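Visitor: So here's my_file_31.cif (mmCIF, N, CA and C atoms).
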```
data_my_file
#
loop_
_atom_site.label_atom_id
_atom_site.label_comp_id
_atom_site.auth_asym_id
_atom_site.auth_seq_id
_atom_site.Cartn_x
_atom_site.Cartn_y
_atom_site.Cartn_z
N MET O 10 11.10 -9.55 5.76
CA MET O 10 11.42 -8.45 4.86
C MET O 10 12.38 -7.49 5.57
N PRO O 11 13.25 -6.88 4.79
CA PRO O 11 14.17 -5.92 5.39
C PRO O 11 13.43 -4.68 5.90
N ASP O 12 14.04 -4.02 6.86
CA ASP O 12 13.43 -2.82 7.44
C ASP O 12 13.27 -1.70 6.44
N ASP O 13 14.09 -1.72 5.39
CA ASP O 13 14.05 -0.62 4.43
C ASP O 13 13.19 -0.93 3.21
N ALA O 14 12.34 -1.95 3.30
CA ALA O 14 11.45 -2.28 2.20
C ALA O 14 10.38 -1.20 2.07
N TRP O 15 9.92 -0.98 0.83
CA TRP O 15 8.79 -0.09 0.61
C TRP O 15 7.54 -0.80 1.08
N VAL O 16 6.58 -0.03 1.53
CA VAL O 16 5.33 -0.60 2.02
C VAL O 16 4.17 0.03 1.26
N VAL O 17 3.30 -0.81 0.74
CA VAL O 17 2.07 -0.36 0.08
C VAL O 17 0.93 -0.90 0.93
N GLU O 18 0.07 0.01 1.41
CA GLU O 18 -0.99 -0.40 2.34
C GLU O 18 -2.38 -0.17 1.75
N LEU O 19 -3.29 -1.06 2.11
CA LEU O 19 -4.70 -0.88 1.78
C LEU O 19 -5.45 -0.81 3.10
N SER O 20 -6.22 0.25 3.26
CA SER O 20 -6.99 0.42 4.49
C SER O 20 -8.38 0.91 4.15
N GLU O 21 -9.25 0.78 5.11
CA GLU O 21 -10.61 1.28 4.96
C GLU O 21 -10.63 2.77 5.29
N ALA O 22 -11.35 3.54 4.53
CA ALA O 22 -11.46 4.97 4.80
C ALA O 22 -12.32 5.19 6.03
N VAL O 23 -11.90 6.14 6.86
CA VAL O 23 -12.68 6.49 8.05
C VAL O 23 -13.01 7.98 7.97
N PRO O 24 -14.16 8.38 8.50
CA PRO O 24 -14.52 9.80 8.44
C PRO O 24 -13.51 10.68 9.19
N ALA O 25 -13.27 11.84 8.63
CA ALA O 25 -12.40 12.83 9.29
C ALA O 25 -13.12 13.35 10.52
N PRO O 26 -12.36 13.92 11.46
CA PRO O 26 -13.01 14.46 12.67
C PRO O 26 -14.07 15.50 12.32
N ALA O 27 -15.13 15.51 13.08
CA ALA O 27 -16.24 16.45 12.85
C ALA O 27 -15.77 17.90 12.89
N ALA O 28 -14.75 18.18 13.67
CA ALA O 28 -14.24 19.55 13.78
C ALA O 28 -13.66 20.05 12.45
N TRP O 29 -13.33 19.14 11.55
CA TRP O 29 -12.75 19.54 10.27
C TRP O 29 -13.78 20.07 9.29
N THR O 30 -15.08 19.92 9.58
CA THR O 30 -16.11 20.33 8.62
C THR O 30 -16.06 21.82 8.33
N GLU O 31 -15.55 22.60 9.27
CA GLU O 31 -15.48 24.05 9.07
C GLU O 31 -14.18 24.49 8.39
N ILE O 32 -13.29 23.56 8.16
CA ILE O 32 -12.01 23.89 7.51
C ILE O 32 -12.18 23.74 6.00
N ARG O 33 -11.89 24.79 5.29
CA ARG O 33 -12.03 24.78 3.83
C ARG O 33 -11.06 23.77 3.22
N ASN O 34 -11.53 23.00 2.27
CA ASN O 34 -10.76 21.99 1.53
C ASN O 34 -10.18 20.89 2.41
N ALA O 35 -10.72 20.71 3.58
CA ALA O 35 -10.24 19.63 4.46
C ALA O 35 -10.73 18.29 3.93
N ALA O 36 -9.94 17.29 4.15
CA ALA O 36 -10.32 15.94 3.73
C ALA O 36 -11.56 15.50 4.51
N THR O 37 -12.44 14.78 3.85
CA THR O 37 -13.62 14.28 4.54
C THR O 37 -13.40 12.86 5.05
N TYR O 38 -12.41 12.17 4.48
CA TYR O 38 -12.06 10.82 4.92
C TYR O 38 -10.56 10.72 5.07
N LEU O 39 -10.13 9.86 5.98
CA LEU O 39 -8.72 9.61 6.23
C LEU O 39 -8.47 8.11 6.17
N PRO O 40 -7.22 7.69 5.93
CA PRO O 40 -6.95 6.25 5.93
C PRO O 40 -7.10 5.68 7.34
N GLY O 41 -7.74 4.55 7.43
CA GLY O 41 -7.85 3.84 8.70
C GLY O 41 -6.66 2.90 8.86
N ALA O 42 -6.79 1.98 9.76
CA ALA O 42 -5.72 1.00 9.98
C ALA O 42 -5.60 0.10 8.75
N ALA O 43 -4.38 -0.15 8.33
CA ALA O 43 -4.15 -0.99 7.14
C ALA O 43 -4.48 -2.44 7.46
N PHE O 44 -5.17 -3.11 6.53
CA PHE O 44 -5.45 -4.52 6.72
C PHE O 44 -4.78 -5.38 5.66
N LEU O 45 -4.31 -4.79 4.57
CA LEU O 45 -3.45 -5.47 3.60
C LEU O 45 -2.18 -4.64 3.48
N VAL O 46 -1.05 -5.26 3.68
CA VAL O 46 0.22 -4.55 3.62
C VAL O 46 1.18 -5.34 2.74
N ALA O 47 1.67 -4.71 1.68
CA ALA O 47 2.65 -5.34 0.79
C ALA O 47 4.02 -4.76 1.09
N PHE O 48 4.98 -5.63 1.32
CA PHE O 48 6.37 -5.22 1.54
C PHE O 48 7.14 -5.49 0.26
N VAL O 49 7.78 -4.45 -0.28
CA VAL O 49 8.51 -4.55 -1.54
C VAL O 49 9.98 -4.26 -1.25
N PRO O 50 10.86 -5.27 -1.35
CA PRO O 50 12.28 -5.04 -1.11
C PRO O 50 12.82 -4.06 -2.14
N ASP O 51 13.62 -3.09 -1.69
CA ASP O 51 14.11 -2.09 -2.65
C ASP O 51 15.62 -2.12 -2.83
N GLU O 52 16.34 -2.84 -2.00
CA GLU O 52 17.79 -2.87 -2.18
C GLU O 52 18.26 -4.15 -2.86
N ASP O 53 17.50 -5.21 -2.73
CA ASP O 53 17.85 -6.49 -3.34
C ASP O 53 16.64 -6.96 -4.14
N PRO O 54 16.76 -7.03 -5.46
CA PRO O 54 15.59 -7.39 -6.28
C PRO O 54 15.23 -8.87 -6.24
N ASP O 55 16.07 -9.70 -5.61
CA ASP O 55 15.81 -11.14 -5.62
C ASP O 55 14.62 -11.57 -4.76
N PRO O 56 14.48 -11.07 -3.54
CA PRO O 56 13.31 -11.51 -2.75
C PRO O 56 12.01 -11.02 -3.39
N GLU O 57 11.02 -11.86 -3.36
CA GLU O 57 9.71 -11.48 -3.89
C GLU O 57 8.98 -10.63 -2.85
N PRO O 58 8.10 -9.75 -3.32
CA PRO O 58 7.28 -8.98 -2.38
C PRO O 58 6.40 -9.95 -1.57
N ALA O 59 5.99 -9.50 -0.42
CA ALA O 59 5.12 -10.30 0.43
C ALA O 59 3.93 -9.46 0.84
N VAL O 60 2.75 -10.06 0.82
CA VAL O 60 1.54 -9.37 1.25
C VAL O 60 1.12 -9.96 2.60
N HIS O 61 0.97 -9.11 3.59
CA HIS O 61 0.54 -9.52 4.92
C HIS O 61 -0.90 -9.06 5.12
N ILE O 62 -1.68 -9.90 5.75
CA ILE O 62 -3.07 -9.57 6.05
C ILE O 62 -3.18 -9.35 7.56
N HIS O 63 -3.61 -8.15 7.93
CA HIS O 63 -3.77 -7.77 9.33
C HIS O 63 -5.24 -7.49 9.58
N SER O 64 -5.89 -8.33 10.33
CA SER O 64 -7.30 -8.06 10.57
C SER O 64 -7.82 -8.84 11.77
N HIS O 65 -8.53 -8.15 12.63
CA HIS O 65 -9.23 -8.81 13.71
C HIS O 65 -10.68 -9.06 13.30
N ASP O 66 -11.11 -8.31 12.31
CA ASP O 66 -12.47 -8.44 11.79
C ASP O 66 -12.40 -8.93 10.35
N GLU O 67 -13.50 -9.39 9.87
CA GLU O 67 -13.58 -9.81 8.48
C GLU O 67 -13.71 -8.58 7.59
N HIS O 68 -12.93 -8.53 6.54
CA HIS O 68 -13.03 -7.45 5.56
C HIS O 68 -13.37 -8.06 4.21
N VAL O 69 -14.29 -7.44 3.52
CA VAL O 69 -14.63 -7.84 2.17
C VAL O 69 -14.00 -6.82 1.24
N VAL O 70 -13.11 -7.31 0.37
CA VAL O 70 -12.43 -6.43 -0.57
C VAL O 70 -12.98 -6.74 -1.96
N PRO O 71 -13.67 -5.79 -2.57
CA PRO O 71 -14.18 -6.02 -3.92
C PRO O 71 -13.03 -6.35 -4.89
N TYR O 72 -13.33 -7.20 -5.84
CA TYR O 72 -12.34 -7.67 -6.80
C TYR O 72 -11.60 -6.52 -7.48
N GLU O 73 -12.32 -5.50 -7.92
CA GLU O 73 -11.67 -4.38 -8.61
C GLU O 73 -10.71 -3.63 -7.69
N ILE O 74 -11.05 -3.52 -6.41
CA ILE O 74 -10.16 -2.85 -5.46
C ILE O 74 -8.90 -3.70 -5.26
N MET O 75 -9.07 -5.01 -5.15
CA MET O 75 -7.92 -5.90 -5.00
C MET O 75 -7.01 -5.83 -6.22
N ARG O 76 -7.61 -5.80 -7.40
CA ARG O 76 -6.81 -5.67 -8.63
C ARG O 76 -6.05 -4.35 -8.63
N TRP O 77 -6.73 -3.26 -8.25
CA TRP O 77 -6.07 -1.95 -8.19
C TRP O 77 -4.91 -1.98 -7.20
N PHE O 78 -5.13 -2.57 -6.02
CA PHE O 78 -4.07 -2.66 -5.01
C PHE O 78 -2.87 -3.43 -5.56
N MET O 79 -3.12 -4.56 -6.18
CA MET O 79 -2.02 -5.37 -6.71
C MET O 79 -1.31 -4.65 -7.87
N GLU O 80 -2.03 -3.83 -8.63
CA GLU O 80 -1.38 -3.02 -9.66
C GLU O 80 -0.44 -2.00 -9.02
N GLN O 81 -0.85 -1.42 -7.88
CA GLN O 81 0.01 -0.48 -7.16
C GLN O 81 1.27 -1.19 -6.67
N VAL O 82 1.10 -2.39 -6.15
CA VAL O 82 2.24 -3.18 -5.68
C VAL O 82 3.16 -3.51 -6.85
N THR O 83 2.59 -3.94 -7.95
CA THR O 83 3.38 -4.27 -9.14
C THR O 83 4.17 -3.06 -9.62
N GLY O 84 3.55 -1.90 -9.63
CA GLY O 84 4.24 -0.68 -10.04
C GLY O 84 5.41 -0.37 -9.13
N GLN O 85 5.22 -0.56 -7.83
CA GLN O 85 6.31 -0.30 -6.88
C GLN O 85 7.45 -1.30 -7.08
N VAL O 86 7.12 -2.55 -7.32
CA VAL O 86 8.14 -3.58 -7.58
C VAL O 86 8.94 -3.20 -8.82
N GLU O 87 8.25 -2.80 -9.88
CA GLU O 87 8.94 -2.43 -11.12
C GLU O 87 9.86 -1.23 -10.91
N ARG O 88 9.39 -0.21 -10.17
CA ARG O 88 10.23 0.97 -9.90
C ARG O 88 11.47 0.60 -9.09
N CYS O 89 11.29 -0.23 -8.08
CA CYS O 89 12.44 -0.62 -7.24
C CYS O 89 13.45 -1.44 -8.03
N ARG O 90 12.97 -2.38 -8.85
CA ARG O 90 13.89 -3.20 -9.64
C ARG O 90 14.59 -2.38 -10.71
N ALA O 91 13.90 -1.43 -11.31
CA ALA O 91 14.53 -0.57 -12.32
C ALA O 91 15.59 0.31 -11.67
N ALA O 92 15.30 0.84 -10.50
CA ALA O 92 16.28 1.68 -9.80
C ALA O 92 17.51 0.86 -9.41
N HIS O 93 17.28 -0.39 -8.98
CA HIS O 93 18.39 -1.25 -8.60
C HIS O 93 19.25 -1.58 -9.82
N ALA O 94 18.61 -1.82 -10.96
CA ALA O 94 19.34 -2.14 -12.19
C ALA O 94 20.20 -0.95 -12.63
N GLN O 95 19.69 0.27 -12.48
CA GLN O 95 20.45 1.46 -12.85
C GLN O 95 21.67 1.65 -11.94
N GLU O 96 21.54 1.31 -10.67
CA GLU O 96 22.65 1.45 -9.73
C GLU O 96 23.79 0.50 -10.06
N GLU O 97 23.46 -0.64 -10.67
CA GLU O 97 24.50 -1.61 -11.02
C GLU O 97 25.28 -1.21 -12.27
N CYS O 98 24.76 -0.28 -13.06
CA CYS O 98 25.43 0.13 -14.30
C CYS O 98 26.61 1.02 -14.01
#
```
In structure tokens, how does this file's structure come out?

Guide:
Amino acid sequence: MPDDAWVVELSEAVPAPAAWTEIRNAATYLPGAAFLVAFVPDEDPDPEPAVHIHSHDEHVVPYEIMRWFMEQVTGQVERCRAAHAQEEC
């Protein structure tokens, strides 16, 4: 994939640092290391997106979460292809 491809990542949520508990409206969870990464080409609509799996451990992804992730990837593909089509006009 080209270096300028959009990236959509799925990661496991990890607890925010304990020191943040005293900060008003602070996030309680942060994104952990991504284990599913979709690369969406944005300058050339011909290459298909690619999903890479990065994991040293086994991850169980519930079906609904996987569907949601792939919907996010599909939305990004559609936005990139629409933007590319407008540039050609």

Visitor: When the PyMOL selection byres ((chain O and resi 26) around 8) is applied to the structure above, which residues does it catch, written out as a ChimeraX atom specification?

Guide: /O:23-25,27-31,36-39

Visitor: Next, write the just-selected residues to a file, as a compact mmCIF listing (two decimals), in the coordinates of the input, keeping N, CA and C atoms as the atom set.

Guide:
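Contents of out-v1.txt, freshly written:
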```
# COMPACT_ATOMS: atom_id res chain seq x y z
N VAL O 23 -11.90 6.14 6.86
CA VAL O 23 -12.68 6.49 8.05
C VAL O 23 -13.01 7.98 7.97
N PRO O 24 -14.16 8.38 8.50
CA PRO O 24 -14.52 9.80 8.44
C PRO O 24 -13.51 10.68 9.19
N ALA O 25 -13.27 11.84 8.63
CA ALA O 25 -12.40 12.83 9.29
C ALA O 25 -13.12 13.35 10.52
N ALA O 27 -15.13 15.51 13.08
CA ALA O 27 -16.24 16.45 12.85
C ALA O 27 -15.77 17.90 12.89
N ALA O 28 -14.75 18.18 13.67
CA ALA O 28 -14.24 19.55 13.78
C ALA O 28 -13.66 20.05 12.45
N TRP O 29 -13.33 19.14 11.55
CA TRP O 29 -12.75 19.54 10.27
C TRP O 29 -13.78 20.07 9.29
N THR O 30 -15.08 19.92 9.58
CA THR O 30 -16.11 20.33 8.62
C THR O 30 -16.06 21.82 8.33
N GLU O 31 -15.55 22.60 9.27
CA GLU O 31 -15.48 24.05 9.07
C GLU O 31 -14.18 24.49 8.39
N ALA O 36 -9.94 17.29 4.15
CA ALA O 36 -10.32 15.94 3.73
C ALA O 36 -11.56 15.50 4.51
N THR O 37 -12.44 14.78 3.85
CA THR O 37 -13.62 14.28 4.54
C THR O 37 -13.40 12.86 5.05
N TYR O 38 -12.41 12.17 4.48
CA TYR O 38 -12.06 10.82 4.92
C TYR O 38 -10.56 10.72 5.07
N LEU O 39 -10.13 9.86 5.98
CA LEU O 39 -8.72 9.61 6.23
C LEU O 39 -8.47 8.11 6.17
```

Visitor: Taking into account only C-alpha atoms, which residue in the set O:Arg90, O:Val46, O:Gly41, O:His63 is nearest to Glu18 (chain O)?

Guide: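 Selected residue with least distance to Glu18 (chain O): O:Val46.
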
Visitor: Write out as a list in words which residues come within 7 Å of region 51-53 of chain O when counting only C-alpha atoms, dropping same-chain ones fewer than 3 positions away.

Guide: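 The residues that qualify are Ala14, Trp15, Pro56, Cys89 and His93 of chain O.
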
Visitor: Could you tell me, as a PDB file with N, CA and C atoms, keeping the file's coordinate frame, exactly which residues end up selected when the PyMOL selection byres ((chain O and resi 42) around 6) is applied to this structure?

Guide:
```
ATOM      1  N   LEU O  19      -3.290  -1.060   2.110  1.00  0.00           N
ATOM      2  CA  LEU O  19      -4.700  -0.880   1.780  1.00  0.00           C
ATOM      3  C   LEU O  19      -5.450  -0.810   3.100  1.00  0.00           C
ATOM      4  N   SER O  20      -6.220   0.250   3.260  1.00  0.00           N
ATOM      5  CA  SER O  20      -6.990   0.420   4.490  1.00  0.00           C
ATOM      6  C   SER O  20      -8.380   0.910   4.150  1.00  0.00           C
ATOM      7  N   GLU O  21      -9.250   0.780   5.110  1.00  0.00           N
ATOM      8  CA  GLU O  21     -10.610   1.280   4.960  1.00  0.00           C
ATOM      9  C   GLU O  21     -10.630   2.770   5.290  1.00  0.00           C
ATOM     10  N   PRO O  40      -7.220   7.690   5.930  1.00  0.00           N
ATOM     11  CA  PRO O  40      -6.950   6.250   5.930  1.00  0.00           C
ATOM     12  C   PRO O  40      -7.100   5.680   7.340  1.00  0.00           C
ATOM     13  N   GLY O  41      -7.740   4.550   7.430  1.00  0.00           N
ATOM     14  CA  GLY O  41      -7.850   3.840   8.700  1.00  0.00           C
ATOM     15  C   GLY O  41      -6.660   2.900   8.860  1.00  0.00           C
ATOM     16  N   ALA O  43      -4.380  -0.150   8.330  1.00  0.00           N
ATOM     17  CA  ALA O  43      -4.150  -0.990   7.140  1.00  0.00           C
ATOM     18  C   ALA O  43      -4.480  -2.440   7.460  1.00  0.00           C
ATOM     19  N   PHE O  44      -5.170  -3.110   6.530  1.00  0.00           N
ATOM     20  CA  PHE O  44      -5.450  -4.520   6.720  1.00  0.00           C
ATOM     21  C   PHE O  44      -4.780  -5.380   5.660  1.00  0.00           C
TER      22      PHE O  44
END
```

Visitor: Can you list, as an MDAnalysis selection string, every residue of chain O that DSSP puts in helix (DSSP H, G or I)?

Guide: chainID O and resid 27:31 72:97

Visitor: Run the PyMOL selection byres (((chain O and resi 17 and name CA) around 12) and name CA) against the file shown and list the residues it catches, as an MDAnalysis selection string.

Guide: chainID O and resid 14:16 18:20 43:50 58:61 77:86

Visitor: What gap, in Å, lies between CA of Tyr72 (chain O) and CA of Ala22 (chain O)?

Guide: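 We find that CA of Tyr72 (chain O) and CA of Ala22 (chain O) lie 17.2 Å from each other.
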
Visitor: So how many Å separate atom N of Arg76 (chain O) and atom N of Ile62 (chain O), to one decimal?

Guide: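 These atoms are spaced 15.0 Å apart.
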
Visitor: Write out as a PyMOL selection string all residues of chain O that DSSP puts in strand (DSSP E or B) for this structure's backbone.

Guide: chain O and resi 15-24+38-49+59-62

Visitor: Just give me the gap between atom N of Asp55 (chain O) and atom C of Met75 (chain O) in Å, one decimal is fine.

Guide: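 Value for the atom N of Asp55 (chain O)-atom C of Met75 (chain O) distance: 23.4 Å.
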
Visitor: Would you compute, for all listed atoms of region 78-88 of chain O, the axis-aligned bounding box grown by 4 Å on each side, and then report its centre and edge lengths in Å rounded to one decimal, as lines of an AutoDock Vina configuration file?

Guide:
```
center_x = 3.2
center_y = -2.2
center_z = -8.1
size_x = 24.6
size_y = 14.3
size_z = 14.1
```
